[in-house]
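Reproduced below: data_1.cif, with mmCIF, C-alpha atoms.
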data_coords
#
loop_
_atom_site.label_atom_id
_atom_site.label_comp_id
_atom_site.auth_asym_id
_atom_site.auth_seq_id
_atom_site.Cartn_x
_atom_site.Cartn_y
_atom_site.Cartn_z
CA MET A 25 124.19 113.40 118.46
CA SER A 26 122.04 110.55 117.28
CA PHE A 27 122.85 106.90 116.91
CA ARG A 28 121.31 104.77 114.22
CA GLU A 29 118.85 102.26 115.58
CA ALA A 30 120.15 98.73 116.00
CA HIS A 31 119.21 96.67 112.98
CA GLU A 32 118.71 92.91 112.90
CA LEU A 33 121.85 92.87 110.79
CA HIS A 34 123.85 94.22 113.72
CA LYS A 35 122.68 91.35 115.85
CA ARG A 36 123.83 88.84 113.23
CA ARG A 37 127.18 90.57 112.89
CA PHE A 38 127.58 90.64 116.66
CA GLY A 39 126.92 86.91 116.74
CA ARG A 40 129.53 86.37 114.05
CA ASN A 41 132.11 88.51 115.83
CA LEU A 42 131.42 86.77 119.13
CA GLY A 43 131.85 83.39 117.41
CA LEU A 44 135.17 84.49 115.95
CA LEU A 45 136.30 85.75 119.36
CA LEU A 46 135.52 82.38 120.91
CA VAL A 47 137.29 80.49 118.12
CA LEU A 48 140.43 82.62 118.40
CA SER A 49 140.44 82.42 122.21
CA ALA A 50 140.08 78.64 122.01
CA PHE A 51 143.00 78.53 119.55
CA VAL A 52 145.22 80.52 121.94
CA ALA A 53 144.22 78.22 124.81
CA LEU A 54 144.98 75.13 122.72
CA VAL A 55 148.43 76.33 121.68
CA PHE A 56 149.19 77.23 125.29
CA GLY A 57 147.98 73.84 126.51
CA LEU A 58 149.99 72.07 123.82
CA THR A 59 153.13 73.95 124.85
CA ILE A 60 152.65 72.95 128.50
CA VAL A 61 152.14 69.30 127.56
CA LYS A 62 155.13 69.21 125.20
CA VAL A 63 157.43 70.84 127.76
CA THR A 64 156.31 68.73 130.75
CA GLU A 65 156.50 65.53 128.69
CA GLY A 66 160.13 66.39 127.97
CA SER A 67 159.86 66.32 124.18
CA LYS A 68 163.09 67.16 122.43
CA MET A 69 163.58 70.87 122.90
CA GLU A 70 167.06 71.14 121.49
CA ALA A 71 167.91 70.99 117.81
CA PHE A 72 170.84 71.58 115.50
CA ASP A 73 172.12 75.07 116.09
CA HIS A 74 175.20 75.34 113.85
CA THR A 75 177.49 74.24 116.66
CA VAL A 76 178.24 70.81 118.05
CA ARG A 77 175.87 69.92 120.88
CA PRO A 78 177.06 66.86 122.78
CA SER A 79 173.63 66.45 124.38
CA LEU A 80 172.13 65.66 120.95
CA THR A 81 174.64 62.97 119.99
CA VAL A 82 174.08 59.28 120.55
CA PRO A 83 176.65 57.78 122.96
CA GLU A 84 179.00 55.18 121.43
CA ALA A 85 177.68 52.40 123.59
CA GLN A 86 174.14 52.74 122.24
CA LYS A 87 175.11 52.58 118.56
CA MET B 26 133.63 94.57 101.27
CA THR B 27 129.99 95.50 101.06
CA ASP B 28 129.05 99.08 101.75
CA THR B 29 127.34 99.17 105.15
CA THR B 30 124.40 101.32 104.08
CA SER B 31 123.44 98.96 101.28
CA ALA B 32 124.09 95.98 103.51
CA PHE B 33 121.13 97.08 105.66
CA ASP B 34 118.80 96.12 102.85
CA GLN B 35 120.07 92.63 102.39
CA THR B 36 118.54 89.86 104.42
CA THR B 37 120.92 87.12 103.41
CA GLU B 38 124.09 88.03 105.27
CA ALA B 39 125.76 85.01 106.81
CA SER B 40 125.55 84.17 110.48
CA PHE B 41 128.28 82.30 112.36
CA GLY B 42 126.28 79.10 111.96
CA ASP B 43 126.51 79.37 108.17
CA TYR B 44 130.28 79.13 108.35
CA ILE B 45 129.94 76.12 110.63
CA ALA B 46 127.53 74.57 108.08
CA LEU B 47 130.25 74.96 105.41
CA LEU B 48 132.31 72.46 107.41
CA LYS B 49 129.63 69.73 107.08
CA PRO B 50 129.30 68.96 110.82
CA ARG B 51 127.57 65.62 110.21
CA VAL B 52 130.41 64.34 108.06
CA MET B 53 132.81 65.70 110.67
CA SER B 54 131.19 63.58 113.36
CA LEU B 55 131.94 60.42 111.37
CA VAL B 56 135.51 61.59 110.82
CA VAL B 57 135.95 62.26 114.55
CA PHE B 58 134.58 58.83 115.45
CA THR B 59 136.72 56.80 113.04
CA ALA B 60 139.87 58.84 113.73
CA LEU B 61 139.33 58.33 117.46
CA ALA B 62 138.93 54.61 116.87
CA GLY B 63 142.23 54.48 114.94
CA LEU B 64 143.94 56.33 117.76
CA VAL B 65 142.44 54.26 120.58
CA VAL B 66 143.21 50.85 119.09
CA ALA B 67 146.84 51.75 118.28
CA PRO B 68 149.35 50.01 120.54
CA VAL B 69 151.04 53.27 121.62
CA ALA B 70 149.52 55.43 124.39
CA VAL B 71 149.00 59.10 123.53
CA HIS B 72 148.77 61.97 126.04
CA PRO B 73 145.05 62.84 126.34
CA PHE B 74 145.61 66.48 125.42
CA ILE B 75 147.65 65.57 122.33
CA ALA B 76 144.94 63.04 121.40
CA PHE B 77 142.22 65.69 121.78
CA MET B 78 144.19 68.24 119.79
CA SER B 79 144.92 65.69 117.03
CA ILE B 80 141.29 64.63 116.69
CA LEU B 81 140.30 68.31 116.57
CA CYS B 82 142.82 68.95 113.78
CA ILE B 83 141.60 65.92 111.82
CA ALA B 84 137.99 67.10 112.24
CA ILE B 85 138.84 70.64 111.11
CA GLY B 86 140.84 69.28 108.16
CA GLY B 87 137.80 67.19 107.20
CA GLY B 88 135.56 70.24 107.62
CA ALA B 89 137.89 72.34 105.48
CA SER B 90 137.65 69.83 102.64
CA GLY B 91 133.85 70.04 103.04
CA ALA B 92 134.06 73.83 102.54
CA LEU B 93 136.20 73.32 99.43
CA ASN B 94 133.61 70.83 98.16
CA MET B 95 130.86 73.41 98.65
CA TRP B 96 132.95 76.02 96.83
CA TRP B 97 133.39 73.83 93.76
CA ASP B 98 129.97 72.16 93.77
CA SER B 99 127.73 75.18 94.45
CA ASP B 100 126.11 74.79 91.00
CA ILE B 101 125.20 71.14 91.65
CA ASP B 102 124.09 71.92 95.21
CA ALA B 103 121.67 74.55 93.90
CA VAL B 104 119.85 71.91 91.80
CA MET B 105 119.64 69.08 94.30
CA LYS B 106 116.77 69.05 96.79
CA ARG B 107 118.96 67.68 99.57
CA THR B 108 121.60 70.40 99.23
CA LYS B 109 119.97 73.56 97.91
CA GLY B 110 119.61 75.02 101.42
CA ARG B 111 123.40 74.98 101.92
CA PRO B 112 124.96 78.42 102.63
CA VAL B 113 126.51 78.95 99.18
CA PRO B 114 123.54 78.02 96.92
CA ALA B 115 121.20 79.83 99.35
CA GLY B 116 123.25 82.99 98.79
CA ARG B 117 124.28 83.56 102.41
CA VAL B 118 127.98 82.90 101.82
CA THR B 119 129.88 83.65 98.61
CA ARG B 120 131.90 81.01 96.78
CA GLN B 121 135.09 82.99 97.44
CA GLU B 122 134.41 82.95 101.17
CA ALA B 123 133.92 79.19 101.11
CA LEU B 124 137.20 78.80 99.20
CA ALA B 125 139.08 81.08 101.58
CA LEU B 126 137.71 79.32 104.65
CA GLY B 127 138.52 75.91 103.19
CA LEU B 128 142.11 76.79 102.28
CA THR B 129 142.85 78.59 105.54
CA LEU B 130 141.48 75.87 107.77
CA SER B 131 143.26 73.18 105.70
CA GLY B 132 146.60 74.91 106.29
CA PHE B 133 145.94 75.42 109.99
CA ALA B 134 144.75 71.86 110.55
CA VAL B 135 147.74 70.25 108.81
CA VAL B 136 150.38 72.44 110.48
CA MET B 137 148.82 72.13 113.94
CA LEU B 138 148.54 68.33 113.58
CA GLY B 139 152.20 68.19 112.57
CA LEU B 140 153.20 70.24 115.62
CA ALA B 141 150.91 68.42 118.05
CA ALA B 142 151.50 64.84 116.88
CA ASN B 143 153.88 64.10 114.01
CA TRP B 144 154.42 64.91 110.36
CA VAL B 145 153.38 61.49 109.06
CA ALA B 146 149.88 62.08 110.42
CA ALA B 147 149.95 65.67 109.10
CA GLY B 148 151.02 64.44 105.65
CA LEU B 149 148.20 61.90 105.59
CA LEU B 150 145.71 64.63 106.57
CA ALA B 151 147.00 66.91 103.81
CA PHE B 152 146.67 64.06 101.31
CA THR B 153 143.13 63.33 102.52
CA ILE B 154 142.07 66.95 102.00
CA PHE B 155 143.71 66.96 98.55
CA PHE B 156 142.03 63.66 97.68
CA TYR B 157 138.54 64.79 98.70
CA ALA B 158 138.71 68.32 97.30
CA VAL B 159 140.72 67.77 94.12
CA VAL B 160 140.60 64.07 93.15
CA TYR B 161 136.98 63.43 94.17
CA THR B 162 135.20 66.80 93.93
CA ILE B 163 137.02 68.38 91.00
CA TRP B 164 138.15 65.38 88.90
CA LEU B 165 135.91 62.40 89.48
CA LYS B 166 132.48 63.44 90.74
CA ARG B 167 131.25 64.80 87.42
CA SER B 168 133.16 62.52 85.10
CA THR B 169 132.71 58.89 86.14
CA PRO B 170 130.09 56.69 87.80
CA GLN B 171 132.98 55.19 89.77
CA ASN B 172 133.20 58.58 91.55
CA ILE B 173 132.17 57.32 94.96
CA VAL B 174 134.24 54.14 94.73
CA ILE B 175 137.49 56.07 94.40
CA GLY B 176 136.24 59.11 96.32
CA GLY B 177 135.40 56.81 99.20
CA ALA B 178 139.13 56.67 99.93
CA ALA B 179 138.92 60.21 101.31
CA GLY B 180 136.45 59.09 103.96
CA ALA B 181 138.55 56.00 104.70
CA PHE B 182 141.71 57.86 105.73
CA PRO B 183 140.71 59.17 109.22
CA PRO B 184 141.36 55.93 111.18
CA MET B 185 144.69 55.69 109.38
CA ILE B 186 145.53 59.24 110.48
CA GLY B 187 144.45 58.43 114.06
CA TRP B 188 146.74 55.37 113.99
CA ALA B 189 149.60 57.50 112.62
CA VAL B 190 149.09 60.05 115.43
CA ALA B 191 149.83 57.30 117.96
CA THR B 192 152.42 55.21 116.14
CA GLY B 193 154.00 57.68 113.72
CA GLY B 194 153.53 55.32 110.80
CA VAL B 195 151.34 53.08 108.67
CA SER B 196 150.86 49.36 109.24
CA LEU B 197 148.71 46.40 108.19
CA GLU B 198 146.10 47.20 110.84
CA SER B 199 145.62 50.78 109.69
CA VAL B 200 145.52 49.72 106.04
CA LEU B 201 142.77 47.20 106.85
CA MET B 202 140.76 49.84 108.73
CA PHE B 203 141.12 51.98 105.62
CA ALA B 204 139.95 49.07 103.46
CA LEU B 205 136.92 48.50 105.69
CA ILE B 206 135.56 52.03 105.11
CA PHE B 207 136.74 52.10 101.50
CA MET B 208 134.82 48.95 100.55
CA TRP B 209 131.81 49.94 102.68
CA THR B 210 131.28 53.29 100.95
CA PRO B 211 129.99 52.08 97.54
CA PRO B 212 127.14 49.85 98.81
CA HIS B 213 126.24 52.52 101.37
CA PHE B 214 125.96 55.31 98.78
CA TRP B 215 124.45 53.24 96.00
CA ALA B 216 121.63 52.18 98.33
CA LEU B 217 121.03 55.90 98.93
CA ALA B 218 121.21 56.59 95.20
CA LEU B 219 118.54 53.94 94.53
CA PHE B 220 115.95 55.94 96.44
CA MET B 221 117.36 59.45 95.80
CA ASN B 222 117.94 58.93 92.08
CA ASP B 223 116.05 61.98 90.75
CA ASP B 224 118.23 64.37 92.68
CA TYR B 225 121.45 63.13 91.10
CA SER B 226 120.10 62.87 87.56
CA ASN B 227 118.70 66.41 87.74
CA ALA B 228 122.11 67.69 88.76
CA GLY B 229 123.85 65.74 85.99
CA VAL B 230 126.08 63.80 88.42
CA PRO B 231 126.91 60.46 86.78
CA MET B 232 125.71 58.13 89.53
CA LEU B 233 125.73 54.44 88.69
CA THR B 234 121.92 54.39 88.84
CA VAL B 235 121.82 56.99 86.05
CA THR B 236 124.60 55.71 83.80
CA HIS B 237 124.22 51.92 84.13
CA GLY B 238 120.68 51.62 85.42
CA ARG B 239 119.19 50.37 88.63
CA LYS B 240 119.56 46.67 87.89
CA ALA B 241 123.33 47.06 87.46
CA THR B 242 123.47 49.12 90.67
CA ARG B 243 121.79 46.29 92.57
CA VAL B 244 124.40 43.85 91.24
CA HIS B 245 127.21 46.26 92.18
CA ILE B 246 125.86 46.58 95.74
CA LEU B 247 125.92 42.80 96.14
CA VAL B 248 129.42 42.40 94.67
CA TYR B 249 130.94 45.13 96.86
CA THR B 250 129.18 43.76 99.95
CA LEU B 251 130.66 40.32 99.25
CA LEU B 252 134.13 41.85 98.74
CA LEU B 253 133.76 43.89 101.93
CA ALA B 254 133.21 40.87 104.19
CA PRO B 255 136.75 39.37 103.91
CA MET B 256 138.30 42.82 104.51
CA ALA B 257 136.25 43.28 107.67
CA LEU B 258 136.97 39.77 108.91
CA ALA B 259 140.71 40.05 108.13
CA ILE B 260 141.03 42.71 110.87
CA ALA B 261 140.11 40.00 113.38
CA ALA B 262 143.35 38.18 112.55
CA THR B 263 145.61 41.18 113.22
CA SER B 264 146.99 42.54 116.50
CA ILE B 265 143.91 44.74 117.04
CA GLY B 266 141.48 41.88 116.43
CA GLY B 267 140.06 39.45 118.96
CA PRO B 268 137.03 37.34 119.83
CA ILE B 269 134.70 40.32 120.45
CA TYR B 270 135.53 41.84 117.10
CA LEU B 271 135.36 38.49 115.28
CA VAL B 272 131.87 37.68 116.56
CA THR B 273 130.59 41.23 115.94
CA SER B 274 132.03 41.29 112.44
CA LEU B 275 130.67 37.84 111.55
CA VAL B 276 127.13 38.76 112.60
CA LEU B 277 127.22 42.18 110.94
CA ASN B 278 128.59 40.82 107.66
CA LEU B 279 126.03 38.03 107.49
CA LEU B 280 123.23 40.57 108.02
CA PHE B 281 124.77 42.97 105.50
CA ILE B 282 125.11 40.26 102.85
CA ARG B 283 121.52 39.17 103.51
CA GLY B 284 120.37 42.78 102.94
CA ALA B 285 122.42 43.03 99.73
CA LEU B 286 120.93 39.75 98.47
CA ARG B 287 117.43 41.09 99.10
CA ILE B 288 118.25 44.27 97.18
CA TRP B 289 119.73 42.20 94.34
CA ARG B 290 116.62 39.99 94.05
CA ARG B 291 114.18 42.92 93.77
CA ASP B 292 113.21 44.81 90.67
CA GLU B 293 111.96 48.36 90.35
CA ASP B 294 108.27 47.43 90.46
CA GLN B 295 108.69 45.65 93.77
CA ALA B 296 110.83 48.51 95.13
CA GLY B 297 108.35 51.14 93.97
CA ALA B 298 105.46 49.23 95.53
CA ASP B 299 106.85 49.48 99.06
CA LYS B 300 108.58 52.84 98.48
CA TYR B 301 112.09 51.38 98.58
CA ALA B 302 111.65 49.99 102.09
CA THR B 303 114.38 47.33 101.67
CA GLU B 304 116.85 49.84 100.20
CA LYS B 305 116.18 52.34 102.99
CA LYS B 306 116.57 49.62 105.60
CA PHE B 307 119.87 48.52 104.03
CA PHE B 308 121.09 52.12 104.01
CA ARG B 309 120.26 52.59 107.70
CA PHE B 310 121.85 49.27 108.57
CA SER B 311 125.01 50.24 106.69
CA LEU B 312 125.52 53.09 109.18
CA ALA B 313 125.15 50.71 112.12
CA TYR B 314 127.46 48.22 110.36
CA LEU B 315 130.40 50.62 110.25
CA PHE B 316 129.70 52.13 113.65
CA LEU B 317 129.56 48.76 115.40
CA HIS B 318 132.75 47.48 113.76
CA PHE B 319 134.70 50.38 115.23
CA VAL B 320 132.89 50.15 118.56
CA ALA B 321 133.91 46.47 118.75
CA LEU B 322 137.54 47.40 118.05
CA MET B 323 137.50 50.09 120.74
CA VAL B 324 135.76 47.88 123.31
CA GLN B 325 138.40 45.27 122.74
CA ALA B 326 141.22 47.79 123.12
CA GLY B 327 139.56 49.00 126.33
CA LEU B 328 139.33 45.49 127.77
CA ALA B 329 142.88 44.52 126.81
CA PRO B 330 144.47 45.69 130.11
CA TYR B 331 142.17 43.24 131.95
CA GLY B 332 143.23 40.35 129.76
CA LEU B 333 139.92 40.27 127.90
CA GLY B 334 140.99 42.03 124.73
CA GLY B 335 142.79 40.43 121.83
CA TRP B 336 143.88 36.90 121.13
#
Write the structure described by the file as structure tokens, please.
Amino acid sequence: MSFREAHELHKRRFGRNLGLLLVLSAFVALVFGLTIVKVTEGSKMEAFDHTVRPSLTVPEAQK
Amino acid sequence: MTDTTSAFDQTTEASFGDYIALLKPRVMSLVVFTALAGLVVAPVAVHPFIAFMSILCIAIGGGASGALNMWWDSDIDAVMKRTKGRPVPAGRVTRQEALALGLTLSGFAVVMLGLAANWVAAGLLAFTIFFYAVVYTIWLKRSTPQNIVIGGAAGAFPPMIGWAVATGGVSLESVLMFALIFMWTPPHFWALALFMNDDYSNAGVPMLTVTHGRKATRVHILVYTLLLAPMALAIAATSIGGPIYLVTSLVLNLLFIRGALRIWRRDEDQAGADKYATEKKFFRFSLAYLFLHFVALMVQAGLAPYGLGGW
């Protein structure tokens, strides 16, 4: 069994693939980090869900 | 896809860096700086991670519009000395790849900015990309010598987006920051066009120097510089202004107007004799002018907690 010799082209493609790997990994890390920040900051995590949710309504006194 | 065996013979296959070059990293750095300034001077504090993520999205959105510009303008880029080494005219990246990268990153940047910050900022980013890629690149650049005047709006949006990230809206301060860059762009680019004229005329781009002549361009530079000064100084009177900004802006505008007057007084013989030294100096100073205005705003915002900031 013989392997083709590594060409300069392979090196360039490896560099490109490595770059893409880093970009995608960074994207995953960013989305994860964003989720942590949003959750710990207590951003609104509830939304309309086809039923009445008292926690989403504004109390009378504040209107 | 290219057949791998034939791909061995080609020497022009793109590297990762070529895709980065499609995003115009130097333009991106200006976008990052002005967007950061807009975010920092806004009166609402933003979580550092959200701020980082937002600036990244704005930078990538700006880069994506750069890729779309290179997709549409590859024919012009191939003619101009300054741009013929870009990945598309050099044959390392195809036009379709540039288009695909531009569209994909635009979508990602806008959606991620909306999720990270708010949808007002995301909407402004989407409009900026549309303005640069469609209004400037596709509609105006080849049809009118006013191309950079109106196209300059695209470069003026980032501080407004940064402000919207923090406040969720648009206000007088962010409109004036927009106006500062918007009015600064024409004198900045026309000074460049005065000493890079051949490039644009070879490519058939209707720069003011080509369509109305150099004398008219010199007059235009002076007029826009005079109109720019009140815009820059008006920021001093708003909530983000203060003594540091006022003094900085006064000095910078006086120097800028002096430079524009010098350009206006010269003719082509004088300019040719010293190889456009005054024009080149004015161009370099224009970069410092914008940079220092935003630095002054940020310094003032930074000193505000110690009672040394605004009025």
Exercise. Expand the PyMOL selection byres ((chain A) within 7 of (chain B)) into the individual residues it matches in the shown file, reporting them as a ChimeraX atom specification.
Key: /A:33,36,39-40,43,58
Exercise. Run through the PyMOL selection byres ((chain B and resi 254-261) around 7) on the given coordinates and return the selected residues as a PyMOL selection string.
Key: chain B and resi 198+201+204-205+250-253+262-263+266-267+270-271+274+278
Would you put the residues from that selection into a file with C-alpha atoms, as a PDB file, keeping the file's coordinate frame?
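Once written, part.pdb looks like this:
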ATOM      1  CA  GLU B 198     146.100  47.200 110.840  1.00  0.00           C
ATOM      2  CA  LEU B 201     142.770  47.200 106.850  1.00  0.00           C
ATOM      3  CA  ALA B 204     139.950  49.070 103.460  1.00  0.00           C
ATOM      4  CA  LEU B 205     136.920  48.500 105.690  1.00  0.00           C
ATOM      5  CA  THR B 250     129.180  43.760  99.950  1.00  0.00           C
ATOM      6  CA  LEU B 251     130.660  40.320  99.250  1.00  0.00           C
ATOM      7  CA  LEU B 252     134.130  41.850  98.740  1.00  0.00           C
ATOM      8  CA  LEU B 253     133.760  43.890 101.930  1.00  0.00           C
ATOM      9  CA  ALA B 262     143.350  38.180 112.550  1.00  0.00           C
ATOM     10  CA  THR B 263     145.610  41.180 113.220  1.00  0.00           C
ATOM     11  CA  GLY B 266     141.480  41.880 116.430  1.00  0.00           C
ATOM     12  CA  GLY B 267     140.060  39.450 118.960  1.00  0.00           C
ATOM     13  CA  TYR B 270     135.530  41.840 117.100  1.00  0.00           C
ATOM     14  CA  LEU B 271     135.360  38.490 115.280  1.00  0.00           C
ATOM     15  CA  SER B 274     132.030  41.290 112.440  1.00  0.00           C
ATOM     16  CA  ASN B 278     128.590  40.820 107.660  1.00  0.00           C
TER      17      ASN B 278
END
Quiz item: Of the residues B:Val113, B:Asp98, B:Ser90, B:Met221, which is the one nearest to Tyr157 of chain B, using all atoms listed in the file?
Solution: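 So, comparing all the options, the nearest one is B:Ser90.
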Quiz item: Using the chain letters and numbers from the file, which residues does the PyMOL selection byres ((chain B and resi 214) around 12) grab, as number ranges by chain?
Solution: B: 170-174, 176-177, 206-213, 215-222, 225, 232-234, 242-243, 245-246, 249, 304-305, 307-309, 311-312
Subset file: segment 161-194 of chain B, C-alpha atoms, as an mmCIF file, in the first residue's frame:
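Ended up saving to part39.cif:
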data_model
loop_
_atom_site.group_PDB
_atom_site.id
_atom_site.type_symbol
_atom_site.label_atom_id
_atom_site.label_comp_id
_atom_site.auth_asym_id
_atom_site.auth_seq_id
_atom_site.Cartn_x
_atom_site.Cartn_y
_atom_site.Cartn_z
ATOM 1 C CA TYR B 161 -22.745 52.228 -2.345
ATOM 2 C CA THR B 162 -21.051 49.343 -4.176
ATOM 3 C CA ILE B 163 -23.762 48.344 -6.632
ATOM 4 C CA TRP B 164 -25.707 51.589 -7.216
ATOM 5 C CA LEU B 165 -23.519 54.603 -6.581
ATOM 6 C CA LYS B 166 -19.834 53.780 -6.949
ATOM 7 C CA ARG B 167 -19.872 53.529 -10.733
ATOM 8 C CA SER B 168 -22.584 56.047 -11.467
ATOM 9 C CA THR B 169 -21.925 59.294 -9.613
ATOM 10 C CA PRO B 170 -18.957 61.331 -8.373
ATOM 11 C CA GLN B 171 -20.964 61.826 -5.178
ATOM 12 C CA ASN B 172 -20.379 58.092 -4.530
ATOM 13 C CA ILE B 173 -18.216 58.546 -1.468
ATOM 14 C CA VAL B 174 -20.336 61.337 -0.018
ATOM 15 C CA ILE B 175 -23.407 59.122 0.231
ATOM 16 C CA GLY B 176 -21.422 55.894 0.606
ATOM 17 C CA GLY B 177 -19.658 57.450 3.571
ATOM 18 C CA ALA B 178 -22.854 56.850 5.541
ATOM 19 C CA ALA B 179 -22.019 53.142 5.644
ATOM 20 C CA GLY B 180 -18.787 53.866 7.492
ATOM 21 C CA ALA B 181 -20.577 56.314 9.785
ATOM 22 C CA PHE B 182 -23.057 53.817 11.235
ATOM 23 C CA PRO B 183 -20.791 51.785 13.612
ATOM 24 C CA PRO B 184 -20.790 54.268 16.545
ATOM 25 C CA MET B 185 -24.561 54.496 16.159
ATOM 26 C CA ILE B 186 -24.797 50.695 16.367
ATOM 27 C CA GLY B 187 -22.501 50.680 19.423
ATOM 28 C CA TRP B 188 -24.765 53.288 21.055
ATOM 29 C CA ALA B 189 -27.846 51.206 20.188
ATOM 30 C CA VAL B 190 -26.237 48.109 21.758
ATOM 31 C CA ALA B 191 -26.094 49.960 25.079
ATOM 32 C CA THR B 192 -29.251 52.058 24.970
ATOM 33 C CA GLY B 193 -31.516 50.115 22.624
ATOM 34 C CA GLY B 194 -32.256 53.203 20.564
#
